[in-house]
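Pasting query.pdb here (PDB, C-alpha atoms and all ligand atoms):
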```pdb
ATOM      1  CA  MET A   1      48.594 137.464 197.812  1.00  0.00           C
ATOM      2  CA  PRO A   2      50.558 134.567 199.310  1.00  0.00           C
ATOM      3  CA  ASP A   3      50.622 131.275 197.420  1.00  0.00           C
ATOM      4  CA  ASP A   4      48.867 129.430 200.198  1.00  0.00           C
ATOM      5  CA  ASP A   5      45.824 131.696 200.048  1.00  0.00           C
ATOM      6  CA  PRO A   6      43.005 129.193 199.474  1.00  0.00           C
ATOM      7  CA  GLU A   7      40.886 131.558 197.311  1.00  0.00           C
ATOM      8  CA  LEU A   8      43.807 132.264 195.017  1.00  0.00           C
ATOM      9  CA  ASN A   9      44.737 128.636 194.579  1.00  0.00           C
ATOM     10  CA  VAL A  10      41.408 127.135 193.613  1.00  0.00           C
ATOM     11  CA  PHE A  11      41.278 128.387 190.032  1.00  0.00           C
ATOM     12  CA  PRO A  12      44.871 127.702 188.922  1.00  0.00           C
ATOM     13  CA  ARG A  13      44.788 124.287 190.535  1.00  0.00           C
ATOM     14  CA  ASP A  14      41.604 123.424 188.658  1.00  0.00           C
ATOM     15  CA  ARG A  15      43.047 124.586 185.346  1.00  0.00           C
ATOM     16  CA  THR A  16      46.184 122.503 185.831  1.00  0.00           C
ATOM     17  CA  ALA A  17      44.180 119.466 186.784  1.00  0.00           C
ATOM     18  CA  LEU A  18      42.128 119.788 183.605  1.00  0.00           C
ATOM     19  CA  ALA A  19      45.055 120.371 181.284  1.00  0.00           C
ATOM     20  CA  SER A  20      44.453 117.159 179.323  1.00  0.00           C
ATOM     21  CA  VAL A  21      41.601 115.248 177.796  1.00  0.00           C
ATOM     22  CA  TRP A  22      41.673 111.755 176.352  1.00  0.00           C
ATOM     23  CA  LEU A  23      39.497 110.461 173.557  1.00  0.00           C
ATOM     24  CA  ILE A  24      38.329 106.921 174.329  1.00  0.00           C
ATOM     25  CA  PRO A  25      37.566 105.099 171.049  1.00  0.00           C
ATOM     26  CA  LEU A  26      34.406 103.117 171.778  1.00  0.00           C
ATOM     27  CA  LYS A  27      34.847 100.757 168.836  1.00  0.00           C
ATOM     28  CA  MET A  28      38.233  99.627 170.187  1.00  0.00           C
ATOM     29  CA  LEU A  29      36.921  98.599 173.636  1.00  0.00           C
ATOM     30  CA  ASP A  30      35.744  95.177 174.711  1.00  0.00           C
ATOM     31  CA  ASP A  31      32.048  94.799 175.541  1.00  0.00           C
ATOM     32  CA  ASP A  32      32.430  95.324 179.295  1.00  0.00           C
ATOM     33  CA  ALA A  33      34.578  98.423 178.986  1.00  0.00           C
ATOM     34  CA  ARG A  34      32.249  99.838 176.326  1.00  0.00           C
ATOM     35  CA  ALA A  35      29.218  99.248 178.550  1.00  0.00           C
ATOM     36  CA  ILE A  36      30.883 101.182 181.376  1.00  0.00           C
ATOM     37  CA  GLN A  37      31.594 104.100 179.052  1.00  0.00           C
ATOM     38  CA  LEU A  38      28.039 104.056 177.702  1.00  0.00           C
ATOM     39  CA  GLY A  39      26.727 104.096 181.271  1.00  0.00           C
ATOM     40  CA  ALA A  40      28.604 107.362 181.812  1.00  0.00           C
ATOM     41  CA  VAL A  41      27.303 108.744 178.508  1.00  0.00           C
ATOM     42  CA  ALA A  42      23.729 107.978 179.613  1.00  0.00           C
ATOM     43  CA  GLU A  43      24.217 110.382 182.540  1.00  0.00           C
ATOM     44  CA  MET A  44      25.342 113.285 180.340  1.00  0.00           C
ATOM     45  CA  ALA A  45      22.937 116.182 179.834  1.00  0.00           C
ATOM     46  CA  LEU A  46      22.767 119.631 178.288  1.00  0.00           C
ATOM     47  CA  ALA A  47      20.965 122.826 179.233  1.00  0.00           C
ATOM     48  CA  ALA A  48      17.537 123.152 177.610  1.00  0.00           C
ATOM     49  CA  ASP A  49      18.715 125.931 175.282  1.00  0.00           C
ATOM     50  CA  GLN A  50      21.537 123.732 173.930  1.00  0.00           C
ATOM     51  CA  THR A  51      19.516 120.741 172.795  1.00  0.00           C
ATOM     52  CA  ASP A  52      18.804 122.336 169.381  1.00  0.00           C
ATOM     53  CA  PHE A  53      22.487 122.109 168.536  1.00  0.00           C
ATOM     54  CA  VAL A  54      23.197 118.419 169.005  1.00  0.00           C
ATOM     55  CA  GLY A  55      21.406 115.100 169.534  1.00  0.00           C
ATOM     56  CA  ASP A  56      21.040 112.911 172.598  1.00  0.00           C
ATOM     57  CA  PRO A  57      24.549 111.714 173.551  1.00  0.00           C
ATOM     58  CA  LEU A  58      23.717 108.054 174.172  1.00  0.00           C
ATOM     59  CA  ARG A  59      21.639 107.767 171.014  1.00  0.00           C
ATOM     60  CA  MET A  60      24.433 109.354 168.946  1.00  0.00           C
ATOM     61  CA  MET A  61      27.026 106.945 170.344  1.00  0.00           C
ATOM     62  CA  LEU A  62      24.811 103.921 169.651  1.00  0.00           C
ATOM     63  CA  ILE A  63      24.196 105.029 166.067  1.00  0.00           C
ATOM     64  CA  SER A  64      27.897 105.713 165.495  1.00  0.00           C
ATOM     65  CA  LEU A  65      28.826 102.267 166.811  1.00  0.00           C
ATOM     66  CA  GLU A  66      26.665 100.718 164.084  1.00  0.00           C
ATOM     67  CA  GLU A  67      28.095 102.710 161.174  1.00  0.00           C
ATOM     68  CA  GLU A  68      31.378 101.706 159.569  1.00  0.00           C
ATOM     69  CA  SER A  69      32.289 105.256 158.540  1.00  0.00           C
ATOM     70  CA  ARG A  70      31.908 106.665 162.084  1.00  0.00           C
ATOM     71  CA  SER A  71      34.338 106.538 165.007  1.00  0.00           C
ATOM     72  CA  PRO A  72      32.617 107.454 168.274  1.00  0.00           C
ATOM     73  CA  TYR A  73      34.657 108.687 171.255  1.00  0.00           C
ATOM     74  CA  VAL A  74      34.001 109.459 174.882  1.00  0.00           C
ATOM     75  CA  ILE A  75      35.888 112.571 176.003  1.00  0.00           C
ATOM     76  CA  GLU A  76      37.548 111.820 179.322  1.00  0.00           C
ATOM     77  CA  ALA A  77      39.111 114.252 181.803  1.00  0.00           C
ATOM     78  CA  ASN A  78      40.506 113.267 185.187  1.00  0.00           C
ATOM     79  CA  GLY A  79      39.316 109.709 184.609  1.00  0.00           C
ATOM     80  CA  GLU A  80      35.689 110.716 184.055  1.00  0.00           C
ATOM     81  CA  GLY A  81      33.577 110.819 180.908  1.00  0.00           C
ATOM     82  CA  VAL A  82      32.739 114.480 180.317  1.00  0.00           C
ATOM     83  CA  GLY A  83      31.507 114.496 176.730  1.00  0.00           C
ATOM     84  CA  VAL A  84      31.283 112.750 173.375  1.00  0.00           C
ATOM     85  CA  LEU A  85      32.226 113.298 169.758  1.00  0.00           C
ATOM     86  CA  THR A  86      32.247 111.353 166.507  1.00  0.00           C
ATOM     87  CA  LEU A  87      34.621 111.485 163.537  1.00  0.00           C
ATOM     88  CA  GLN A  88      33.215 110.303 160.214  1.00  0.00           C
ATOM     89  CA  TRP A  89      34.859 109.743 156.848  1.00  0.00           C
ATOM     90  CA  GLY A  90      33.166 110.247 153.473  1.00  0.00           C
ATOM     91  CA  ALA A  91      30.533 112.663 154.806  1.00  0.00           C
ATOM     92  CA  ALA A  92      32.044 116.179 154.879  1.00  0.00           C
ATOM     93  CA  ARG A  93      29.317 117.581 152.629  1.00  0.00           C
ATOM     94  CA  LEU A  94      26.935 117.210 155.594  1.00  0.00           C
ATOM     95  CA  ALA A  95      28.792 120.230 157.049  1.00  0.00           C
ATOM     96  CA  GLY A  96      28.649 122.221 153.819  1.00  0.00           C
ATOM     97  CA  TRP A  97      32.115 121.178 152.600  1.00  0.00           C
ATOM     98  CA  PRO A  98      32.405 121.019 148.783  1.00  0.00           C
ATOM     99  CA  ASP A  99      33.255 117.291 148.717  1.00  0.00           C
ATOM    100  CA  ASP A 100      32.892 114.314 151.032  1.00  0.00           C
ATOM    101  CA  GLU A 101      36.381 112.865 150.956  1.00  0.00           C
ATOM    102  CA  SER A 102      38.969 115.579 151.607  1.00  0.00           C
ATOM    103  CA  ALA A 103      38.035 116.216 155.249  1.00  0.00           C
ATOM    104  CA  TRP A 104      36.832 114.300 158.286  1.00  0.00           C
ATOM    105  CA  LEU A 105      33.414 115.343 159.562  1.00  0.00           C
ATOM    106  CA  LEU A 106      33.342 116.165 163.285  1.00  0.00           C
ATOM    107  CA  ARG A 107      29.800 115.642 164.558  1.00  0.00           C
ATOM    108  CA  GLY A 108      27.829 115.040 167.726  1.00  0.00           C
ATOM    109  CA  PHE A 109      30.278 117.040 169.822  1.00  0.00           C
ATOM    110  CA  LEU A 110      29.272 118.030 173.338  1.00  0.00           C
ATOM    111  CA  ILE A 111      30.568 118.547 176.844  1.00  0.00           C
ATOM    112  CA  ASP A 112      28.209 117.588 179.684  1.00  0.00           C
ATOM    113  CA  SER A 113      26.657 120.730 181.198  1.00  0.00           C
ATOM    114  CA  LYS A 114      28.324 120.080 184.586  1.00  0.00           C
ATOM    115  CA  SER A 115      31.770 120.200 182.955  1.00  0.00           C
ATOM    116  CA  GLN A 116      31.301 123.112 180.560  1.00  0.00           C
ATOM    117  CA  GLY A 117      33.173 126.403 180.787  1.00  0.00           C
ATOM    118  CA  ARG A 118      36.456 124.899 181.990  1.00  0.00           C
ATOM    119  CA  GLY A 119      38.308 124.746 178.698  1.00  0.00           C
ATOM    120  CA  LEU A 120      37.482 121.109 177.990  1.00  0.00           C
ATOM    121  CA  GLY A 121      35.623 121.880 174.753  1.00  0.00           C
ATOM    122  CA  VAL A 122      38.700 123.571 173.294  1.00  0.00           C
ATOM    123  CA  LEU A 123      40.984 120.725 174.369  1.00  0.00           C
ATOM    124  CA  ALA A 124      38.619 118.086 172.996  1.00  0.00           C
ATOM    125  CA  ALA A 125      38.250 119.858 169.635  1.00  0.00           C
ATOM    126  CA  LYS A 126      42.052 120.002 169.316  1.00  0.00           C
ATOM    127  CA  ALA A 127      42.314 116.342 170.337  1.00  0.00           C
ATOM    128  CA  ALA A 128      39.733 115.418 167.687  1.00  0.00           C
ATOM    129  CA  VAL A 129      41.895 116.957 164.958  1.00  0.00           C
ATOM    130  CA  GLU A 130      44.965 115.095 166.188  1.00  0.00           C
ATOM    131  CA  GLU A 131      42.998 111.847 166.325  1.00  0.00           C
ATOM    132  CA  ALA A 132      41.676 112.424 162.786  1.00  0.00           C
ATOM    133  CA  ARG A 133      45.247 113.005 161.573  1.00  0.00           C
ATOM    134  CA  LYS A 134      46.273 109.658 163.072  1.00  0.00           C
ATOM    135  CA  LEU A 135      43.285 107.873 161.530  1.00  0.00           C
ATOM    136  CA  THR A 136      44.226 109.234 158.111  1.00  0.00           C
ATOM    137  CA  ALA A 137      47.841 108.144 158.580  1.00  0.00           C
ATOM    138  CA  ARG A 138      46.644 104.658 159.563  1.00  0.00           C
ATOM    139  CA  GLN A 139      43.883 104.220 156.991  1.00  0.00           C
ATOM    140  CA  GLY A 140      45.328 106.292 154.133  1.00  0.00           C
ATOM    141  CA  GLY A 141      42.046 108.056 153.435  1.00  0.00           C
ATOM    142  CA  GLY A 142      43.595 111.204 151.944  1.00  0.00           C
ATOM    143  CA  GLN A 143      41.845 113.687 154.254  1.00  0.00           C
ATOM    144  CA  ALA A 144      43.727 116.928 154.924  1.00  0.00           C
ATOM    145  CA  GLY A 145      41.782 118.189 157.938  1.00  0.00           C
ATOM    146  CA  VAL A 146      38.516 118.239 159.895  1.00  0.00           C
ATOM    147  CA  VAL A 147      35.318 120.124 159.101  1.00  0.00           C
ATOM    148  CA  LEU A 148      32.144 120.756 161.087  1.00  0.00           C
ATOM    149  CA  SER A 149      29.146 123.019 160.981  1.00  0.00           C
ATOM    150  CA  VAL A 150      28.027 125.032 163.979  1.00  0.00           C
ATOM    151  CA  ASN A 151      24.823 126.992 164.413  1.00  0.00           C
ATOM    152  CA  GLU A 152      25.174 130.765 164.202  1.00  0.00           C
ATOM    153  CA  ARG A 153      23.076 130.993 167.391  1.00  0.00           C
ATOM    154  CA  ASN A 154      25.612 128.883 169.318  1.00  0.00           C
ATOM    155  CA  PRO A 155      28.190 131.284 170.821  1.00  0.00           C
ATOM    156  CA  ALA A 156      29.841 128.626 172.994  1.00  0.00           C
ATOM    157  CA  GLY A 157      30.374 126.331 170.016  1.00  0.00           C
ATOM    158  CA  LEU A 158      31.653 129.131 167.783  1.00  0.00           C
ATOM    159  CA  ALA A 159      34.078 130.314 170.463  1.00  0.00           C
ATOM    160  CA  ALA A 160      35.328 126.852 171.406  1.00  0.00           C
ATOM    161  CA  TYR A 161      36.084 125.845 167.812  1.00  0.00           C
ATOM    162  CA  ALA A 162      37.734 129.170 166.963  1.00  0.00           C
ATOM    163  CA  LYS A 163      39.910 128.890 170.067  1.00  0.00           C
ATOM    164  CA  ALA A 164      40.867 125.363 169.015  1.00  0.00           C
ATOM    165  CA  GLY A 165      42.137 126.744 165.695  1.00  0.00           C
ATOM    166  CA  PHE A 166      39.184 126.081 163.390  1.00  0.00           C
ATOM    167  CA  VAL A 167      38.744 128.698 160.663  1.00  0.00           C
ATOM    168  CA  ASP A 168      35.358 130.042 159.546  1.00  0.00           C
ATOM    169  CA  CYS A 169      34.905 129.079 155.878  1.00  0.00           C
ATOM    170  CA  GLY A 170      31.468 130.613 155.328  1.00  0.00           C
ATOM    171  CA  ARG A 171      27.777 129.986 155.762  1.00  0.00           C
ATOM    172  CA  TYR A 172      25.883 126.716 155.329  1.00  0.00           C
ATOM    173  CA  LEU A 173      22.115 126.716 155.019  1.00  0.00           C
ATOM    174  CA  GLY A 174      21.579 122.947 155.287  1.00  0.00           C
ATOM    175  CA  GLY A 175      20.149 121.338 158.411  1.00  0.00           C
ATOM    176  CA  ASN A 176      16.941 121.994 160.297  1.00  0.00           C
ATOM    177  CA  SER A 177      17.918 124.469 162.999  1.00  0.00           C
ATOM    178  CA  GLY A 178      18.966 127.579 161.070  1.00  0.00           C
ATOM    179  CA  PRO A 179      22.117 128.953 159.418  1.00  0.00           C
ATOM    180  CA  GLN A 180      25.421 127.352 160.319  1.00  0.00           C
ATOM    181  CA  ARG A 181      29.076 128.370 160.024  1.00  0.00           C
ATOM    182  CA  ILE A 182      31.374 125.929 158.218  1.00  0.00           C
ATOM    183  CA  MET A 183      34.565 125.579 160.280  1.00  0.00           C
ATOM    184  CA  TYR A 184      37.717 123.775 159.178  1.00  0.00           C
ATOM    185  CA  LYS A 185      41.074 122.937 160.647  1.00  0.00           C
ATOM    186  CA  ALA A 186      43.878 121.418 158.591  1.00  0.00           C
ATOM    187  CA  PHE A 187      46.085 118.743 160.196  1.00  0.00           C
TER     188      PHE A 187
HETATM  189  C1  LIG B 201      30.269 123.920 172.625  1.00  0.00           C
HETATM  190  C2  LIG B 201      30.777 123.195 173.866  1.00  0.00           C
HETATM  191  C3  LIG B 201      31.246 121.794 173.457  1.00  0.00           C
HETATM  192  C4  LIG B 201      31.952 123.984 174.446  1.00  0.00           C
HETATM  193  O1  LIG B 201      32.461 123.255 175.526  1.00  0.00           O
HETATM  194  P1  LIG B 201      33.068 123.953 176.828  1.00  0.00           P
HETATM  195  O2  LIG B 201      33.878 122.949 177.543  1.00  0.00           O
HETATM  196  O3  LIG B 201      31.999 124.624 177.598  1.00  0.00           O
HETATM  197  O4  LIG B 201      33.988 125.055 176.150  1.00  0.00           O
HETATM  198  P2  LIG B 201      35.259 125.744 176.796  1.00  0.00           P
HETATM  199  O5  LIG B 201      35.149 125.801 178.271  1.00  0.00           O
HETATM  200  O6  LIG B 201      36.452 125.082 176.196  1.00  0.00           O
HETATM  201  O7  LIG B 201      35.083 127.231 176.264  1.00  0.00           O
HETATM  202  C5  LIG B 201      35.636 127.651 175.072  1.00  0.00           C
HETATM  203  C6  LIG B 201      35.364 129.131 174.903  1.00  0.00           C
HETATM  204  O8  LIG B 201      33.973 129.270 174.646  1.00  0.00           O
HETATM  205  C7  LIG B 201      33.532 130.459 175.232  1.00  0.00           C
HETATM  206  N1  LIG B 201      32.202 130.223 175.756  1.00  0.00           N
HETATM  207  C8  LIG B 201      31.802 129.205 176.529  1.00  0.00           C
HETATM  208  N2  LIG B 201      30.479 129.320 176.775  1.00  0.00           N
HETATM  209  C9  LIG B 201      30.078 130.454 176.143  1.00  0.00           C
HETATM  210  C10 LIG B 201      28.827 131.116 176.002  1.00  0.00           C
HETATM  211  N3  LIG B 201      27.711 130.607 176.553  1.00  0.00           N
HETATM  212  N4  LIG B 201      28.781 132.258 175.295  1.00  0.00           N
HETATM  213  C11 LIG B 201      29.884 132.755 174.708  1.00  0.00           C
HETATM  214  N5  LIG B 201      31.098 132.156 174.786  1.00  0.00           N
HETATM  215  C12 LIG B 201      31.176 131.023 175.500  1.00  0.00           C
HETATM  216  C13 LIG B 201      34.473 130.901 176.276  1.00  0.00           C
HETATM  217  O9  LIG B 201      34.876 132.219 175.905  1.00  0.00           O
HETATM  218  C14 LIG B 201      35.642 129.959 176.163  1.00  0.00           C
HETATM  219  O10 LIG B 201      36.793 130.700 175.957  1.00  0.00           O
HETATM  220  P3  LIG B 201      37.667 131.215 177.242  1.00  0.00           P
HETATM  221  O11 LIG B 201      38.405 130.020 177.744  1.00  0.00           O
HETATM  222  O12 LIG B 201      38.534 132.240 176.631  1.00  0.00           O
HETATM  223  O13 LIG B 201      36.732 131.763 178.254  1.00  0.00           O
HETATM  224  C15 LIG B 201      29.682 123.090 174.963  1.00  0.00           C
HETATM  225  O14 LIG B 201      29.222 124.378 175.246  1.00  0.00           O
HETATM  226  C16 LIG B 201      28.513 122.219 174.571  1.00  0.00           C
HETATM  227  O15 LIG B 201      28.558 121.003 174.731  1.00  0.00           O
HETATM  228  N6  LIG B 201      27.432 122.821 174.046  1.00  0.00           N
HETATM  229  C17 LIG B 201      26.223 122.107 173.696  1.00  0.00           C
HETATM  230  C18 LIG B 201      26.411 121.211 172.488  1.00  0.00           C
HETATM  231  C19 LIG B 201      26.967 121.974 171.317  1.00  0.00           C
HETATM  232  O16 LIG B 201      26.595 123.106 171.053  1.00  0.00           O
HETATM  233  N7  LIG B 201      27.863 121.298 170.574  1.00  0.00           N
HETATM  234  C20 LIG B 201      28.462 121.867 169.387  1.00  0.00           C
HETATM  235  C21 LIG B 201      27.639 121.508 168.221  1.00  0.00           C
HETATM  236  S1  LIG B 201      28.427 122.000 166.704  1.00  0.00           S
END
```
Would you write the structure of this file as structure tokens?
Amino acid sequence: MPDDDPELNVFPRDRTALASVWLIPLKMLDDDARAIQLGAVAEMALAADQTDFVGDPLRMMLISLEEESRSPYVIEANGEGVGVLTLQWGAARLAGWPDDESAWLLRGFLIDSKSQGRGLGVLAAKAAVEEARKLTARQGGGQAGVVLSVNERNPAGLAAYAKAGFVDCGRYLGGNSGPQRIMYKAF
């Protein structure tokens, strides 16, 4: 097909346009900029069958802003907030890791339902690991990677993390919504 065929061009153009995500660190923003980001977070939503896997995005961001060990981020693509995630130090056992200190905990990770299925989850998970590496370099915390737990009934989460390079390290039976996989990626 010729290059100017409109049908052919839609998909590749979209993929190129979405080739990057940025993690906006909410704790580093001034009050006005943070309020704008939180306004976008308040609009984010998930499908009904996904709400077992993660909390309400705005609530999670507000909690993370209050806790010293947590760094909350808005995931931005093409200048728009499309999701959220939090990195936390000293809490890796919450994902079934054997100790708290040797890995960052990635928690509260989601992509707004309108933006799912376009590769943004994979890009954001990779970006989270790179951001965690930089935080360790800056703070000297001694972490060697990032760990998370993902529900075994969550195929999108399992696939997105695996595609981002996270390795399945076994089963974790903590939490309230059923068995989880422990997934880890070294820096
Ligand atoms: C998990 C989540 C962040 C993935 O984000 P996303 O932007 O939709 O993911 P991507 O588009 O990067 O997709 C990554 C891979 O997942 C796979 N995938 C996506 N949805 C899927 C589904 N419903 N079933 C099976 N695989 C799926 C695709 O195969 C895709 O790989 P591909 O590019 O080869 O097709 C998103 O689905 C989400 O926010 N879910 C609800 C909250 C949640 O579960 N968070 C994780 C808690 S640990």
- Task: Would you mind listing the residues within 7 Å of ligand LIG 201 (chain B), counting only C-alpha atoms and all ligand atoms, as a VMD selection string?
- Result: chain A and resid 46 50 to 51 53 to 54 107 to 113 115 to 123 148 to 151 154 to 157 159 to 160 163
- Item | Point-to-point distance in Å for CA of Ala162 (chain A) and CA of Ala137 (chain A) |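 Distance reported for this atom pair: 24.8 Å.
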- Task: Go ahead and compute the interatomic distance for CA of Arg181 (chain A) and CA of Phe166 (chain A), in Å to one decimal.
- Result: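 Distance between the two atoms: 10.9 Å.
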- Message: Assuming the chain letters and numbering stay as they are in my file, what does the PyMOL selection byres (((chain A and resi 103) around 10) and not hetatm) actually select? List them as a PyMOL selection string.
- Response: chain A and resi 88-93+97-102+104-106+132+136+141-148+184-187
- Item | Best match for closeness to Ala45 (chain A) among A:Leu158, A:Arg153, A:Ser20, A:Gly81, counting only C-alpha atoms | A:Gly81
- Message: Report, in Å to a single decimal, how far apart CA of Leu85 (chain A) and CA of Val167 (chain A) are.
- Response: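 CA of Val167 (chain A) sits 19.0 Å away from CA of Leu85 (chain A).
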- Any idea what's packed within 12 Å of region 27-31 of chain A, counting all atoms listed in the file, ignoring anything in its chain fewer than 5 positions away? Could you give it as a VMD selection string? chain A and resid 36 to 38 61 to 74 86 to 87
- For Met44 (chain A), the nearest of the candidates A:Val84, A:Val21, A:Lys126, A:Asn78, counting all atoms listed in the file: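 The shortest atom-to-atom distance to Met44 (chain A) comes from A:Val84.
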- Query: Which one is closest to Pro57 (chain A): A:Ala95, A:Val82, A:Ala35, A:Ala77? Count only C-alpha atoms.
  - Reply: A:Val82
- Item | Distance criterion (only C-alpha atoms): nearest to Leu173 (chain A) out of A:Ala40, A:Ala19, A:Leu94, A:Ile75 |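 Looking at the shortest contact to Leu173 (chain A), the residue is A:Leu94.
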Extending 3 Å beyond the listed atoms of region 33-48 of chain A on each side, what axis-aligned box results? I want centre and edge lengths in Å to one decimal, as JSON.
```
{"center_x": 26.1, "center_y": 110.8, "center_z": 179.4, "size_x": 23.0, "size_y": 30.7, "size_z": 12.2}
```
- Distance criterion (all atoms listed in the file): nearest to Ala164 (chain A) out of A:Ala125, A:Ile182, A:Leu135, A:Ala48: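 Selected residue with least distance to Ala164 (chain A): A:Ala125.
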